[in-house]
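Q: Here it is, the structure in full.
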Amino acid sequence: MILVLLGAPGAGKGTLAEYLKDVLKVPVISTGNLLRDAIAQGTELGTAAKQYMDKGQLVPDELIVGITLQKLSSDDCSSGAILDGFPRTVAQAEALDAHLKVDMALSIEVPDEQIVSRMAGRRTCPKCQSTYHVVNNPPKQEGVCDNCGTELETRRDDATEVVRKRLSVYHSQTEPVKQYYAQQGKLVSMDGVGSVAETEHRGLQALEAWL
Ligand code: AMP
């Protein structure tokens, strides 16, 4: 199954993806994580992408489409995948459709002002990319990743000014993707406000109702 998770930055796509991957038994492809890994490794892609990411802009379609489709065609994804952060433009959705069939697009809805306050408390592991929230989803030991023991960081693009830019980019460039999947009869929207457990529960219910 190919499940696309849509929603503003900080809506909870990554957290829900990690939860649903055990239900669907397929891997998660997070394009944001792919790009951050490329930056950490100092690759050409990483260098090119960083200038856009730091400003809260999308990286150009030609930089992200090829690498995502390549990942999707790997053996790991033979049973499908959960896409977190892709497609973010209608052109990316069309490129994806040209390669494989998307089964469902699940959009997590959270009001902008709640996104801004959520992001201020988000902490990310620079090594394994796990995410936490200082209040809603704290690590067991303050400031330290539960999975790998690395010191947690605040992502540069989680700074409030950058988050506001990312939200405006989301509304102008990514929201049309919802309409794209709605026209195909594949869009399901869910409320993303509440605790992690509540959101996971709603996501599971939406998925089960769809299946
Ligand atoms: P995320 O971790 O999904 O919030 O992504 C972080 C940043 O990576 C975004 O603000 C974009 O700059 C970039 N990015 C991730 N996925 C995509 C995509 N599908 N298309 C364009 N840019 C992307």
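Naming works like this for the structure tokens: A, B, ... for the chains as they're shown, residue 1 at the start of each chain, ligands 1 onward in shown order.
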At a cut-off of 7 Å and counting only C-alpha atoms and all ligand atoms, what residues surround ligand 1? Please answer as a PyMOL selection string.
A: chain A and resi 9+30-33+35+52-53+56-61+64+84-89+166
Q: Store the residues picked out above, limited to C-alpha atoms, as a PDB file, in the first residue's frame.
A:
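Below you can see selection-v4.pdb, which holds the result:
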ATOM      1  CA  PRO A   9       4.906  21.269   8.912  1.00  0.00           C
ATOM      2  CA  SER A  30      10.494  11.051   4.833  1.00  0.00           C
ATOM      3  CA  THR A  31      11.868  13.437   2.241  1.00  0.00           C
ATOM      4  CA  GLY A  32      12.800  15.951   4.965  1.00  0.00           C
ATOM      5  CA  ASN A  33      14.923  13.244   6.648  1.00  0.00           C
ATOM      6  CA  LEU A  35      17.471  15.869   2.719  1.00  0.00           C
ATOM      7  CA  TYR A  52      16.113  26.451   0.427  1.00  0.00           C
ATOM      8  CA  MET A  53      15.415  24.579   3.659  1.00  0.00           C
ATOM      9  CA  GLY A  56      11.607  27.692   4.798  1.00  0.00           C
ATOM     10  CA  GLN A  57      11.181  27.234   1.035  1.00  0.00           C
ATOM     11  CA  LEU A  58      10.574  23.998  -0.806  1.00  0.00           C
ATOM     12  CA  VAL A  59      13.565  22.531  -2.624  1.00  0.00           C
ATOM     13  CA  PRO A  60      12.933  22.474  -6.387  1.00  0.00           C
ATOM     14  CA  ASP A  61      10.953  19.504  -7.688  1.00  0.00           C
ATOM     15  CA  ILE A  64      13.559  15.806  -4.802  1.00  0.00           C
ATOM     16  CA  ASP A  84       5.927  11.672   4.880  1.00  0.00           C
ATOM     17  CA  GLY A  85       6.487  15.056   3.226  1.00  0.00           C
ATOM     18  CA  PHE A  86       6.071  13.989  -0.388  1.00  0.00           C
ATOM     19  CA  PRO A  87       4.386  15.069  -2.630  1.00  0.00           C
ATOM     20  CA  ARG A  88       4.461  18.728  -1.609  1.00  0.00           C
ATOM     21  CA  THR A  89       3.486  20.166  -4.999  1.00  0.00           C
ATOM     22  CA  ARG A 166       6.874  27.268   5.822  1.00  0.00           C
TER      23      ARG A 166
END
Q: List the spatial neighbours of Leu207 of chain A as JSON, numbers by chain - criterion: any atom at most 12 Å away, only C-alpha atoms, same-chain residues fewer than 4 positions off excluded.
A: {"A": [1, 2, 3, 4, 5, 16, 17, 19, 20, 21, 23, 24, 82, 103, 104, 105, 106, 107, 186, 187, 188, 189, 190, 200, 201, 202, 203, 211]}
Q: Hey, could you make a per-residue contact list for segment 3-58 of chain A against segment 109-128 of chain A with 7 Å as the cut-off, showing the nearest pair of atoms and its distance in Å to one decimal, counting only C-alpha atoms, sorted by chain and number, as a tab-separated table?
A:
residue	atom	partner	partner_atom	distance
A:Gly7	CA	A:Glu109	CA	6.2
A:Gly10	CA	A:Ile115	CA	5.9
A:Ala11	CA	A:Val110	CA	5.8
Q: For atom CA of Asp37 of chain A and atom CA of Gln51 of chain A, determine how far apart the two atoms are, in Å to one decimal place.
A: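 One can read the atom CA of Asp37 of chain A to atom CA of Gln51 of chain A distance as 14.7 Å.
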Q: Identify all residues of segment 10-164 of chain A in helix (DSSP H, G or I) (DSSP on the backbone) and supply them as a PyMOL selection string.
A: chain A and resi 13-24+31-41+44-54+61-72+75-77+90-97+112-120+156-158+160-164
Q: Taking into account only C-alpha atoms, which residue in the set A:Asp22, A:Glu62, A:Asp97, A:Glu153 is nearest to Tyr132 of chain A?
A: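 Using only C-alpha atoms, Tyr132 of chain A sits closest to A:Glu153.
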Q: Given the choices A:Ala8, A:Ala40, A:Val134, A:Lys50, which gets closest to Gln173 of chain A if the distance is worked out from only C-alpha atoms?
A: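 Ranked by minimum distance to Gln173 of chain A, first place goes to A:Ala8.
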Q: I need the residues in chain A that are strand (DSSP E) according to DSSP; give them as a PyMOL selection string.
A: chain A and resi 2-7+28-30+81-84+104-109+122-124+131-133+187-191
Q: Measuring atom to atom with only C-alpha atoms, identify which of A:Gly12, A:Gly192, A:Gly46, A:Pro27 is nearest to Asn137 of chain A.
A: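 Closest to Asn137 of chain A, using only C-alpha atoms: A:Gly12.
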Q: Measuring atom to atom with only C-alpha atoms, identify which of A:Ala81, A:Ala48, A:Ile39, A:Leu6 is nearest to Lys25 of chain A.
A: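 For Lys25 of chain A, the nearest of the given residues is A:Ala81.
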